[in-house]
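See below for start12.txt, which holds compact mmCIF, C-alpha atoms and all ligand atoms.
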```txt
# COMPACT_ATOMS: atom_id res chain seq x y z
CA MET A 1180 -11.79 18.60 29.38
CA ALA A 1181 -8.76 20.85 28.74
CA ARG A 1182 -5.61 18.89 27.97
CA ASN A 1183 -2.93 21.53 28.45
CA ASP A 1184 -0.42 18.89 29.54
CA THR A 1185 -0.57 17.38 26.03
CA ARG A 1186 1.83 19.23 23.75
CA VAL A 1187 1.05 19.31 20.04
CA LEU A 1188 3.40 20.62 17.33
CA LEU A 1189 2.17 21.29 13.80
CA LEU A 1190 4.76 21.99 11.07
CA GLU A 1191 4.69 23.14 7.44
CA GLY A 1192 1.76 25.57 7.68
CA ILE A 1193 -0.89 22.94 8.30
CA HIS A 1194 -4.36 24.48 7.79
CA GLU A 1195 -5.44 26.50 10.84
CA THR A 1196 -8.61 24.41 11.07
CA ALA A 1197 -6.34 21.83 12.73
CA VAL A 1198 -5.78 24.19 15.69
CA ASP A 1199 -9.54 24.81 15.98
CA SER A 1200 -10.28 21.09 15.82
CA PHE A 1201 -7.73 20.37 18.55
CA ALA A 1202 -9.21 23.19 20.66
CA ALA A 1203 -12.72 21.79 20.20
CA ALA A 1204 -11.44 18.48 21.60
CA GLY A 1205 -9.87 20.27 24.58
CA TYR A 1206 -6.27 20.33 23.32
CA LEU A 1207 -5.13 23.91 23.83
CA ASN A 1208 -1.36 23.49 23.97
CA VAL A 1209 -0.85 23.54 20.19
CA GLU A 1210 2.07 25.22 18.43
CA ARG A 1211 1.77 25.79 14.66
CA LEU A 1212 4.87 26.63 12.62
CA LYS A 1213 4.87 27.67 8.96
CA HIS A 1214 8.10 25.84 8.10
CA SER A 1215 9.38 22.29 8.36
CA LEU A 1216 12.17 21.20 10.72
CA ALA A 1217 15.14 18.94 10.04
CA GLY A 1218 18.22 17.45 11.74
CA PRO A 1219 18.91 18.46 15.35
CA ASP A 1220 16.07 21.04 15.31
CA LEU A 1221 13.56 18.31 14.52
CA SER A 1222 15.07 15.88 17.03
CA SER A 1223 14.89 18.37 19.88
CA ALA A 1224 11.37 19.56 18.94
CA ILE A 1225 10.00 16.03 18.57
CA ALA A 1226 11.49 14.95 21.93
CA ASP A 1227 9.32 17.50 23.66
CA VAL A 1228 5.86 16.86 22.22
CA ASP A 1229 3.08 14.28 22.53
CA LEU A 1230 1.66 14.64 19.02
CA ILE A 1231 3.29 15.97 15.85
CA GLY A 1232 1.69 16.98 12.55
CA ILE A 1233 3.67 17.24 9.33
CA ARG A 1234 3.08 17.46 5.59
CA SER A 1235 5.34 16.01 2.91
CA ARG A 1236 8.59 17.96 3.48
CA THR A 1237 9.46 16.97 7.05
CA GLN A 1238 11.51 13.76 7.00
CA ILE A 1239 10.94 11.80 10.21
CA ASN A 1240 13.70 9.20 10.09
CA ALA A 1241 14.82 6.56 12.60
CA GLY A 1242 17.08 9.09 14.36
CA ALA A 1243 14.24 11.55 14.99
CA ILE A 1244 11.95 8.71 16.14
CA ALA A 1245 14.58 7.45 18.59
CA ALA A 1246 14.61 10.93 20.15
CA ALA A 1247 10.82 11.04 20.45
CA LYS A 1248 10.42 9.43 23.88
CA ARG A 1249 7.32 11.44 24.75
CA LEU A 1250 5.69 11.16 21.30
CA LYS A 1251 2.41 9.23 21.12
CA ALA A 1252 1.50 9.54 17.42
CA ILE A 1253 2.44 11.19 14.13
CA GLY A 1254 -0.14 12.81 11.83
CA CYS A 1255 0.71 13.22 8.15
CA PHE A 1256 -1.61 16.01 6.98
CA CYS A 1257 -1.48 14.70 3.41
CA ILE A 1258 -1.96 11.41 1.54
CA GLY A 1259 1.61 10.06 1.34
CA THR A 1260 3.48 8.72 4.37
CA ASN A 1261 6.86 7.82 2.86
CA GLN A 1262 8.44 10.85 4.55
CA VAL A 1263 8.19 8.90 7.82
CA ASP A 1264 10.22 5.78 8.64
CA LEU A 1265 7.09 3.73 9.30
CA ASP A 1266 8.83 0.57 10.54
CA SER A 1267 11.03 2.41 13.06
CA SER A 1268 8.01 4.33 14.19
CA ARG A 1269 5.98 1.16 14.80
CA ARG A 1270 8.89 -0.51 16.60
CA GLU A 1271 9.04 2.51 18.94
CA GLY A 1272 5.28 2.18 19.55
CA ILE A 1273 4.23 5.23 17.54
CA PRO A 1274 1.31 4.93 15.09
CA VAL A 1275 1.22 7.12 11.99
CA PHE A 1276 -2.05 8.51 10.58
CA ASN A 1277 -2.83 10.24 7.28
CA ALA A 1278 -5.80 11.49 5.25
CA PRO A 1279 -6.32 9.13 2.32
CA PHE A 1280 -9.70 10.43 1.09
CA SER A 1281 -9.86 14.09 1.94
CA ASN A 1282 -8.89 15.24 -1.56
CA THR A 1283 -10.64 12.52 -3.56
CA ARG A 1284 -13.46 14.82 -4.61
CA SER A 1285 -11.03 17.58 -5.66
CA VAL A 1286 -9.21 15.24 -8.09
CA ALA A 1287 -12.48 13.89 -9.50
CA GLU A 1288 -13.79 17.42 -10.09
CA LEU A 1289 -10.59 18.43 -11.92
CA ALA A 1290 -10.94 15.38 -14.18
CA ILE A 1291 -14.55 16.38 -14.97
CA ALA A 1292 -13.43 19.92 -15.84
CA ASP A 1293 -10.63 18.50 -18.03
CA ILE A 1294 -13.06 16.20 -19.85
CA ILE A 1295 -15.51 19.01 -20.69
CA LEU A 1296 -12.79 21.45 -21.76
CA LEU A 1297 -10.98 18.89 -23.94
CA MET A 1298 -14.20 17.66 -25.58
CA ARG A 1299 -14.94 21.24 -26.65
CA GLY A 1300 -11.37 21.96 -27.77
CA ILE A 1301 -11.23 24.85 -25.32
CA PRO A 1302 -7.48 24.68 -24.47
CA GLU A 1303 -6.61 25.18 -28.14
CA LYS A 1304 -9.27 27.84 -28.76
CA SER A 1305 -8.17 29.74 -25.69
CA ALA A 1306 -4.49 29.57 -26.71
CA ARG A 1307 -5.35 30.86 -30.18
CA ALA A 1308 -7.52 33.69 -28.81
CA ARG A 1309 -4.57 34.80 -26.68
CA ARG A 1310 -2.56 35.02 -29.85
CA GLY A 1311 -5.27 37.18 -31.45
CA GLU A 1312 -6.84 34.40 -33.58
CA TRP A 1313 -10.63 34.04 -33.80
CA ALA A 1314 -11.36 30.27 -34.09
CA LYS A 1315 -15.17 30.34 -34.05
CA THR A 1316 -16.29 26.91 -35.22
CA ALA A 1317 -18.33 23.92 -34.03
CA ARG A 1318 -15.99 21.50 -35.78
CA ASN A 1319 -14.50 18.93 -33.39
CA ALA A 1320 -16.38 20.50 -30.44
CA HIS A 1321 -18.52 17.93 -28.64
CA GLU A 1322 -20.86 17.60 -25.70
CA VAL A 1323 -19.79 15.00 -23.15
CA ARG A 1324 -23.31 13.59 -22.97
CA GLY A 1325 -23.44 10.08 -24.45
CA LYS A 1326 -19.65 9.74 -24.75
CA CYS A 1327 -17.75 6.87 -23.19
CA LEU A 1328 -15.39 7.55 -20.28
CA GLY A 1329 -12.84 4.80 -19.64
CA ILE A 1330 -11.55 4.88 -16.07
CA VAL A 1331 -8.33 2.98 -15.36
CA GLY A 1332 -8.12 2.32 -11.61
CA TYR A 1333 -11.61 2.24 -10.05
CA GLY A 1334 -10.62 3.11 -6.48
CA ARG A 1335 -11.63 6.13 -4.42
CA ILE A 1336 -11.04 8.73 -7.13
CA GLY A 1337 -11.94 6.57 -10.13
CA SER A 1338 -15.31 5.52 -8.70
CA GLN A 1339 -16.14 9.08 -7.54
CA LEU A 1340 -15.32 10.34 -11.05
CA GLY A 1341 -17.57 7.68 -12.54
CA ILE A 1342 -20.55 8.90 -10.51
CA LEU A 1343 -19.96 12.55 -11.46
CA ALA A 1344 -19.50 11.64 -15.15
CA GLU A 1345 -22.75 9.69 -15.19
CA GLY A 1346 -24.46 12.78 -13.82
CA LEU A 1347 -23.36 14.50 -17.04
CA GLY A 1348 -24.79 11.68 -19.16
CA MET A 1349 -21.52 9.87 -19.91
CA ARG A 1350 -21.31 6.11 -20.25
CA VAL A 1351 -18.72 4.79 -17.78
CA LEU A 1352 -16.47 1.81 -18.35
CA TYR A 1353 -13.72 0.95 -15.89
CA TYR A 1354 -10.75 -1.37 -15.63
CA ASP A 1355 -9.21 -2.44 -12.33
CA ILE A 1356 -6.99 -5.36 -11.36
CA GLU A 1357 -9.27 -6.00 -8.37
CA HIS A 1358 -12.90 -7.04 -8.57
CA LYS A 1359 -14.79 -3.81 -7.78
CA LEU A 1360 -18.43 -3.06 -7.09
CA PRO A 1361 -19.69 -0.99 -10.06
CA LEU A 1362 -21.39 2.20 -8.82
CA GLY A 1363 -24.38 3.65 -10.68
CA ASN A 1364 -24.48 2.22 -14.19
CA ALA A 1365 -20.71 1.84 -14.60
CA ALA A 1366 -19.59 -1.39 -16.26
CA PRO A 1367 -16.30 -3.25 -15.81
CA ALA A 1368 -14.09 -3.91 -18.82
CA THR A 1369 -12.40 -7.31 -18.71
CA THR A 1370 -9.22 -6.01 -20.30
CA LEU A 1371 -7.51 -2.67 -20.84
CA GLU A 1372 -7.76 -3.49 -24.55
CA GLU A 1373 -11.56 -3.50 -24.33
CA LEU A 1374 -11.57 -0.16 -22.49
CA PHE A 1375 -9.18 1.46 -25.00
CA ALA A 1376 -11.32 0.24 -27.90
CA GLU A 1377 -14.49 1.90 -26.55
CA ALA A 1378 -13.43 4.99 -24.62
CA ASP A 1379 -13.63 8.51 -26.05
CA VAL A 1380 -11.71 9.69 -22.96
CA VAL A 1381 -9.30 7.57 -20.90
CA SER A 1382 -8.74 8.82 -17.35
CA LEU A 1383 -5.98 7.29 -15.20
CA HIS A 1384 -6.46 6.79 -11.45
CA VAL A 1385 -4.02 4.00 -10.57
CA PRO A 1386 -1.25 4.10 -7.94
CA GLU A 1387 2.45 4.07 -8.80
CA THR A 1388 3.52 0.41 -8.89
CA PRO A 1389 5.89 -1.63 -11.08
CA ALA A 1390 2.81 -2.72 -13.08
CA THR A 1391 1.61 0.84 -13.73
CA ARG A 1392 5.03 2.23 -14.67
CA ASN A 1393 4.72 3.38 -18.32
CA MET A 1394 1.36 1.62 -18.45
CA ILE A 1395 0.46 4.17 -21.13
CA ASP A 1396 3.34 3.75 -23.58
CA ALA A 1397 3.47 4.07 -27.40
CA ASP A 1398 1.75 0.72 -27.82
CA ALA A 1399 -1.10 1.56 -25.43
CA LEU A 1400 -1.61 4.97 -27.06
CA HIS A 1401 -1.79 3.27 -30.43
CA ARG A 1402 -4.50 0.92 -29.15
CA MET A 1403 -6.75 3.82 -28.07
CA ARG A 1404 -9.40 5.12 -30.45
CA PRO A 1405 -7.97 7.59 -32.98
CA GLY A 1406 -8.47 11.14 -31.70
CA SER A 1407 -9.33 10.03 -28.17
CA LEU A 1408 -8.47 12.09 -25.10
CA LEU A 1409 -6.18 11.19 -22.20
CA ILE A 1410 -6.20 12.43 -18.61
CA ASN A 1411 -3.49 11.67 -16.08
CA ALA A 1412 -3.95 13.02 -12.56
CA ALA A 1413 -2.52 9.84 -10.98
CA ARG A 1414 1.27 9.58 -10.99
CA GLY A 1415 3.84 10.92 -13.49
CA SER A 1416 5.44 7.50 -14.01
CA VAL A 1417 2.23 6.01 -15.46
CA VAL A 1418 2.50 7.77 -18.86
CA ASP A 1419 5.49 7.74 -21.23
CA ILE A 1420 5.52 11.47 -21.93
CA GLU A 1421 7.73 11.25 -25.06
CA ALA A 1422 5.36 8.67 -26.54
CA LEU A 1423 2.38 10.88 -25.67
CA ALA A 1424 4.04 13.87 -27.40
CA LYS A 1425 4.43 11.76 -30.55
CA ALA A 1426 0.81 10.54 -30.39
CA LEU A 1427 -0.38 14.16 -30.02
CA SER A 1428 1.76 15.24 -33.00
CA SER A 1429 0.31 12.50 -35.18
CA GLY A 1430 -3.28 13.20 -34.03
CA GLN A 1431 -3.70 9.66 -32.65
CA ILE A 1432 -4.45 11.38 -29.34
CA GLY A 1433 -6.75 14.37 -29.84
CA GLY A 1434 -5.93 16.16 -26.59
CA ALA A 1435 -4.70 15.52 -23.08
CA ALA A 1436 -4.84 16.90 -19.56
CA ILE A 1437 -1.76 16.12 -17.51
CA ASP A 1438 -1.42 17.05 -13.83
CA VAL A 1439 1.53 14.84 -12.85
CA PHE A 1440 4.90 14.40 -14.54
CA PRO A 1441 7.86 12.00 -14.41
CA VAL A 1442 10.02 14.91 -13.21
CA GLU A 1443 8.38 17.82 -11.43
CA PRO A 1444 9.92 21.11 -10.24
CA LYS A 1445 10.83 20.93 -6.56
CA SER A 1446 9.56 24.45 -5.90
CA ASN A 1447 7.49 27.18 -7.56
CA GLN A 1448 10.75 29.00 -8.34
CA GLU A 1449 12.02 26.22 -10.65
CA ILE A 1450 11.22 26.21 -14.39
CA PHE A 1451 8.78 23.53 -15.53
CA GLU A 1452 10.22 21.61 -18.50
CA SER A 1453 8.13 19.21 -20.59
CA PRO A 1454 7.83 18.19 -24.25
CA LEU A 1455 4.08 18.78 -23.82
CA ARG A 1456 4.47 22.53 -23.38
CA GLU A 1457 4.31 23.11 -27.13
CA PHE A 1458 0.84 21.60 -27.59
CA ASP A 1459 -2.17 23.93 -27.55
CA ASN A 1460 -4.53 20.97 -27.10
CA VAL A 1461 -2.98 19.86 -23.81
CA ILE A 1462 -4.03 21.17 -20.40
CA LEU A 1463 -0.98 21.26 -18.14
CA THR A 1464 -1.52 21.70 -14.41
CA PRO A 1465 1.18 21.73 -11.70
CA HIS A 1466 0.16 18.64 -9.68
CA ILE A 1467 -2.82 20.41 -8.13
CA GLY A 1468 -5.43 17.67 -8.63
CA GLY A 1469 -5.99 17.41 -4.90
CA ALA A 1470 -4.97 20.96 -4.00
CA THR A 1471 -8.08 22.88 -2.95
CA GLU A 1472 -9.01 24.88 0.15
CA GLU A 1473 -11.72 22.31 0.84
CA ALA A 1474 -9.28 19.41 0.68
CA GLN A 1475 -6.85 21.20 3.04
CA PHE A 1476 -9.71 21.86 5.45
CA ASN A 1477 -10.91 18.25 5.27
CA ILE A 1478 -7.38 16.88 5.69
CA ALA A 1479 -6.90 18.99 8.82
CA ARG A 1480 -10.16 17.75 10.31
CA GLU A 1481 -9.60 14.11 9.36
CA VAL A 1482 -6.07 13.83 10.74
CA VAL A 1483 -6.83 15.74 13.96
CA ALA A 1484 -9.83 13.47 14.57
CA LYS A 1485 -7.62 10.38 14.20
CA LEU A 1486 -4.87 11.77 16.47
CA VAL A 1487 -7.37 12.78 19.15
CA LYS A 1488 -9.15 9.45 18.98
CA TYR A 1489 -5.89 7.56 19.43
CA HIS A 1490 -4.63 9.87 22.15
CA ALA A 1491 -7.82 10.01 24.18
CA ASN A 1492 -9.37 6.62 23.50
CA GLY A 1493 -6.58 4.35 22.19
CA SER A 1494 -8.27 3.53 18.86
CA SER A 1495 -5.59 2.95 16.22
CA VAL A 1496 -8.05 2.39 13.37
CA SER A 1497 -6.65 3.54 10.01
CA ALA A 1498 -3.07 3.89 11.29
CA VAL A 1499 -0.85 3.07 8.31
CA ASN A 1500 1.90 1.22 10.21
CA PHE A 1501 0.34 -0.19 13.35
CA PRO A 1502 -1.94 -2.99 14.65
CA GLN A 1503 -5.49 -1.68 14.26
CA VAL A 1504 -7.61 -1.82 17.38
CA THR A 1505 -11.22 -0.51 17.34
CA ILE A 1506 -12.55 0.20 20.80
CA PRO A 1507 -15.60 1.79 22.41
CA ASP A 1508 -15.28 4.68 24.88
CA HIS A 1509 -14.18 3.77 28.38
CA GLU A 1510 -16.58 5.75 30.56
CA GLY A 1511 -16.10 5.02 34.23
CA ARG A 1512 -13.11 2.72 33.71
CA ARG A 1513 -9.34 3.07 33.54
CA ARG A 1514 -7.87 2.16 30.17
CA ILE A 1515 -4.33 0.86 29.81
CA LEU A 1516 -2.58 0.85 26.42
CA HIS A 1517 0.30 -1.59 26.22
CA ILE A 1518 2.54 -1.70 23.14
CA HIS A 1519 5.04 -4.53 23.09
CA ARG A 1520 7.33 -6.57 20.88
CA ASN A 1521 5.30 -9.48 19.55
CA GLU A 1522 6.99 -12.27 21.51
CA PRO A 1523 5.49 -15.43 23.05
CA GLY A 1524 4.17 -15.09 26.59
CA VAL A 1525 3.69 -11.30 26.76
CA MET A 1526 -0.06 -11.46 27.41
CA GLU A 1527 0.49 -14.04 30.12
CA GLN A 1528 2.97 -11.72 31.85
CA ILE A 1529 0.56 -8.79 31.61
CA ASN A 1530 -2.32 -10.84 33.02
CA ARG A 1531 -0.08 -12.05 35.85
CA VAL A 1532 0.49 -8.43 36.94
CA PHE A 1533 -3.27 -7.84 37.03
CA SER A 1534 -4.07 -10.98 38.98
CA ALA A 1535 -1.27 -10.28 41.48
CA HIS A 1536 -3.06 -6.98 42.24
CA GLY A 1537 -6.52 -8.57 42.19
CA VAL A 1538 -7.58 -6.32 39.31
CA ASN A 1539 -10.63 -7.22 37.25
CA VAL A 1540 -10.04 -6.71 33.52
CA ALA A 1541 -13.45 -5.69 32.15
CA ALA A 1542 -12.42 -5.74 28.48
CA GLN A 1543 -9.31 -6.54 26.49
CA TYR A 1544 -8.60 -5.77 22.81
CA LEU A 1545 -5.48 -7.17 21.17
CA GLU A 1546 -4.09 -6.86 17.65
CA THR A 1547 -0.64 -7.77 16.42
CA TYR A 1548 1.75 -7.10 13.55
CA ALA A 1549 4.58 -9.54 12.91
CA ASP A 1550 6.89 -7.48 15.14
CA VAL A 1551 4.61 -5.41 17.38
CA GLY A 1552 1.53 -6.14 19.49
CA TYR A 1553 -0.96 -3.60 20.83
CA VAL A 1554 -3.33 -4.48 23.65
CA VAL A 1555 -5.93 -2.17 25.18
CA MET A 1556 -7.35 -3.16 28.57
CA ASP A 1557 -10.19 -1.60 30.55
CA ILE A 1558 -9.88 -2.22 34.26
CA GLU A 1559 -12.16 -1.62 37.19
CA LEU A 1560 -9.76 0.22 39.46
CA GLU A 1561 -9.28 3.88 40.31
CA ASP A 1562 -5.52 3.83 40.73
CA ALA A 1563 -3.93 2.16 37.72
CA VAL A 1564 -0.64 3.99 38.21
CA SER A 1565 0.46 1.84 41.14
CA PHE A 1566 1.36 -1.19 38.98
CA LEU A 1567 2.38 0.70 35.84
CA SER A 1568 6.05 0.17 36.65
CA GLU A 1569 5.44 -3.59 36.73
CA LEU A 1570 3.93 -3.48 33.23
CA GLU A 1571 6.85 -1.35 32.06
CA ALA A 1572 9.27 -3.91 33.51
CA ILE A 1573 7.97 -6.71 31.26
CA PRO A 1574 10.99 -7.19 28.95
CA ALA A 1575 9.02 -6.99 25.67
CA THR A 1576 7.30 -3.71 26.64
CA ILE A 1577 7.78 -0.80 24.24
CA ARG A 1578 5.36 1.72 25.76
CA VAL A 1579 2.58 1.78 28.35
CA ARG A 1580 0.04 4.54 28.78
CA VAL A 1581 -2.92 5.00 31.10
CA LEU A 1582 -5.92 6.96 29.88
CA ARG A 1583 -7.78 9.02 32.40
P1 LIG B 1601 -7.09 3.98 -4.58
O1 LIG B 1601 -6.08 3.12 -3.96
O2 LIG B 1601 -8.38 4.21 -3.89
O3 LIG B 1601 -7.44 3.41 -6.06
C1 LIG B 1601 -6.48 2.92 -6.95
C2 LIG B 1601 -7.14 1.81 -7.74
O4 LIG B 1601 -6.24 1.37 -8.76
C3 LIG B 1601 -7.46 0.57 -6.91
O5 LIG B 1601 -8.82 0.20 -7.12
C4 LIG B 1601 -6.50 -0.49 -7.44
O6 LIG B 1601 -7.04 -1.81 -7.37
C5 LIG B 1601 -6.31 -0.04 -8.86
N1 LIG B 1601 -5.11 -0.55 -9.49
C6 LIG B 1601 -3.88 -0.78 -8.94
N2 LIG B 1601 -3.03 -1.25 -9.87
C7 LIG B 1601 -3.72 -1.31 -11.03
C8 LIG B 1601 -3.37 -1.72 -12.34
N3 LIG B 1601 -2.15 -2.15 -12.64
N4 LIG B 1601 -4.34 -1.67 -13.29
C9 LIG B 1601 -5.60 -1.25 -12.99
N5 LIG B 1601 -5.98 -0.86 -11.77
C10 LIG B 1601 -5.05 -0.89 -10.80
O7 LIG B 1601 -6.35 5.36 -4.89
P2 LIG B 1601 -7.00 6.80 -5.13
O8 LIG B 1601 -7.12 7.51 -3.85
O9 LIG B 1601 -8.18 6.66 -6.00
O10 LIG B 1601 -5.80 7.51 -5.95
C11 LIG B 1601 -5.52 7.13 -7.29
C12 LIG B 1601 -4.27 7.84 -7.79
O11 LIG B 1601 -4.45 9.26 -7.72
C13 LIG B 1601 -2.99 7.54 -7.01
O12 LIG B 1601 -1.93 7.38 -7.90
C14 LIG B 1601 -2.76 8.80 -6.23
O13 LIG B 1601 -1.39 8.95 -5.97
C15 LIG B 1601 -3.26 9.85 -7.21
N6 LIG B 1601 -3.58 11.14 -6.59
C16 LIG B 1601 -3.22 12.28 -7.25
C17 LIG B 1601 -3.50 13.52 -6.72
C18 LIG B 1601 -3.14 14.76 -7.46
O14 LIG B 1601 -2.95 15.80 -6.84
N7 LIG B 1601 -3.06 14.73 -8.77
C19 LIG B 1601 -4.15 13.66 -5.40
C20 LIG B 1601 -4.57 12.39 -4.83
C21 LIG B 1601 -4.27 11.19 -5.40
```
Please render this file's structure as structure tokens.
Ligand code: NAI
Amino acid sequence: MARNDTRVLLLEGIHETAVDSFAAAGYLNVERLKHSLAGPDLSSAIADVDLIGIRSRTQINAGAIAAAKRLKAIGCFCIGTNQVDLDSSRREGIPVFNAPFSNTRSVAELAIADIILLMRGIPEKSARARRGEWAKTARNAHEVRGKCLGIVGYGRIGSQLGILAEGLGMRVLYYDIEHKLPLGNAAPATTLEELFAEADVVSLHVPETPATRNMIDADALHRMRPGSLLINAARGSVVDIEALAKALSSGQIGGAAIDVFPVEPKSNQEIFESPLREFDNVILTPHIGGATEEAQFNIAREVVAKLVKYHANGSSVSAVNFPQVTIPDHEGRRRILHIHRNEPGVMEQINRVFSAHGVNVAAQYLETYADVGYVVMDIELEDAVSFLSELEAIPATIRVRVLR
């Protein structure tokens, strides 16, 4: 069914697959802009659309959300969502979706490439060849087969990396603060100490938290095996870069691949400064662990699917800021979505409206956050619009929507 009355705005050059995916779901009224919007431009654009898609540059603050009276949902076509004021958005009844796993594989593949190149000493050999030196030797060049990979943070990326590394014949050890199911033949280390003592390569895949800040400092580097390799494609704050530079100078660390930095250039026009630039045995990449065409394509498909599902069916599963309601399709029934402040007696008031109209509620799905409740109701009645104003008049109501 064509949904030309639903206006969609995509900012920041979101992959064009998003437009195709919307079209395949019947959403043809989609505008795609290459740039981001801010201030009054954003407020007036957001006031006029039902769904908005952004990447990391567009800041959707409380002011923009207050203007978004028509907006049903926000899609962050990326991993992070801190560019959106999530609490304001929830309090205005607007769920926010993102794409947490669409670039997992891309990061894991980069780590595999880093491991193989570092084990063979390729970054250094390549740098020397560029300078006209012929460094033909097998000394310090190793196969990865049989070596131990220590993965710190065994989440989506860490566990995917473990599987790929085992495919290359590596032995996988991991450390995580949570109890995690070991995949393949991976084995958990009880302490970081144990992992450092055994790993030939340490690969970091933890989030940025107070506990992971400078997790790899001078002391940690000293506890790793002499000559071991370090990979950081997690967050720049996890490694003390000055300490790493010292450990590389002394040979305690035999090579590193670093994709993320404590301070990163804000644009491709800015100069990249780092004490690691001087080392031939370090692979430096500009935070592109998850940046592949495939990841962009998958992100577009994942986020559009979530926006369409919420818009057309009411399912808020995987929203990052909203009560999560999983619901089947509503063939042959009217579906009412009611978002309200989570106050005592709201459900009673809603049910009173239905019984006053003699409406049979065939199914009801309710989930709540501390401040916001979301109830989805399927009713056996053709004309749900007639008592919509009564649902809107319930004092705790934030938004009501009827799905056709
Ligand atoms: P995830 O949330 O699936 O996994 C993180 C794991 O780290 C979890 O299992 C968690 O229990 C564990 N963890 C948290 N604190 C820990 C600690 N103190 N010690 C040990 N383990 C701890 O996250 P995902 O998707 O695997 O991402 C991992 C990291 O990769 C994140 O920092 C993310 O920002 C980064 N990332 C980097 C990209 C790039 O372009 N370089 C792209 C995508 C993600």
Could you tell me which of A:Val1581, A:Ala1366, A:Ala1306, A:Ile1239 comes closest to Gln1262 in chain A if we count all atoms listed in the file?
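Of the candidates, the smallest distance to Gln1262 in chain A is held by A:Ile1239.
Distances from A:Ala1226, A:Ala1535, A:Val1380, A:Leu1463 to ligand LIG 1601 (chain B) were compared using only C-alpha atoms and all ligand atoms, and the smallest one belongs to A:Leu1463.
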Check the smallest atom-to-atom distance from each of A:Gln1503, A:Arg1513, A:Phe1533, A:Val1439 to Glu1546 in chain A using all atoms listed in the file, then report the winner.
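Looking only at the distances to Glu1546 in chain A, the closest residue turns out to be A:Gln1503.
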If we count only C-alpha atoms and set the cut-off at 12 Å, which residues sit around Ile1529 in chain A, ignoring sequence neighbours fewer than 6 positions away in its own chain? Please answer as a compact mmCIF listing (two decimals) with C-alpha atoms, in the frame of the given file.
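Below you can see part_24.txt, which holds the result:
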```
# COMPACT_ATOMS: atom_id res chain seq x y z
CA ILE A 1515 -4.33 0.86 29.81
CA LEU A 1516 -2.58 0.85 26.42
CA HIS A 1517 0.30 -1.59 26.22
CA ILE A 1518 2.54 -1.70 23.14
CA HIS A 1519 5.04 -4.53 23.09
CA PRO A 1523 5.49 -15.43 23.05
CA ALA A 1535 -1.27 -10.28 41.48
CA HIS A 1536 -3.06 -6.98 42.24
CA VAL A 1538 -7.58 -6.32 39.31
CA VAL A 1540 -10.04 -6.71 33.52
CA GLN A 1543 -9.31 -6.54 26.49
CA VAL A 1554 -3.33 -4.48 23.65
CA VAL A 1555 -5.93 -2.17 25.18
CA MET A 1556 -7.35 -3.16 28.57
CA PHE A 1566 1.36 -1.19 38.98
CA LEU A 1567 2.38 0.70 35.84
CA SER A 1568 6.05 0.17 36.65
CA GLU A 1569 5.44 -3.59 36.73
CA LEU A 1570 3.93 -3.48 33.23
CA GLU A 1571 6.85 -1.35 32.06
CA ALA A 1572 9.27 -3.91 33.51
CA ILE A 1573 7.97 -6.71 31.26
CA PRO A 1574 10.99 -7.19 28.95
CA ALA A 1575 9.02 -6.99 25.67
CA THR A 1576 7.30 -3.71 26.64
CA VAL A 1579 2.58 1.78 28.35
```
Mind working out the centre and edge lengths of an axis-aligned box for range 1209-1227 of chain A, all listed atoms inside, 8 Å added to each side, rounded to one decimal in Å and written as JSON?
```
{"center_x": 9.0, "center_y": 21.3, "center_z": 15.9, "size_x": 35.8, "size_y": 28.7, "size_z": 31.6}
```
Any idea what's packed within 10 Å of range 1381-1391 of chain A, counting all atoms listed in the file, ignoring anything in its chain fewer than 4 positions away? Could you give it as a ChimeraX atom specification?
/A:1286-1287,1290-1291,1293-1294,1327-1338,1340,1352-1356,1374-1375,1377,1395,1403-1404,1407-1418,1435-1436
Quick one: distance from CA of Glu1561 in chain A to CA of Ala1491 in chain A in Å, one decimal?
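Answer for the CA of Glu1561 in chain A to CA of Ala1491 in chain A separation: 17.3 Å.
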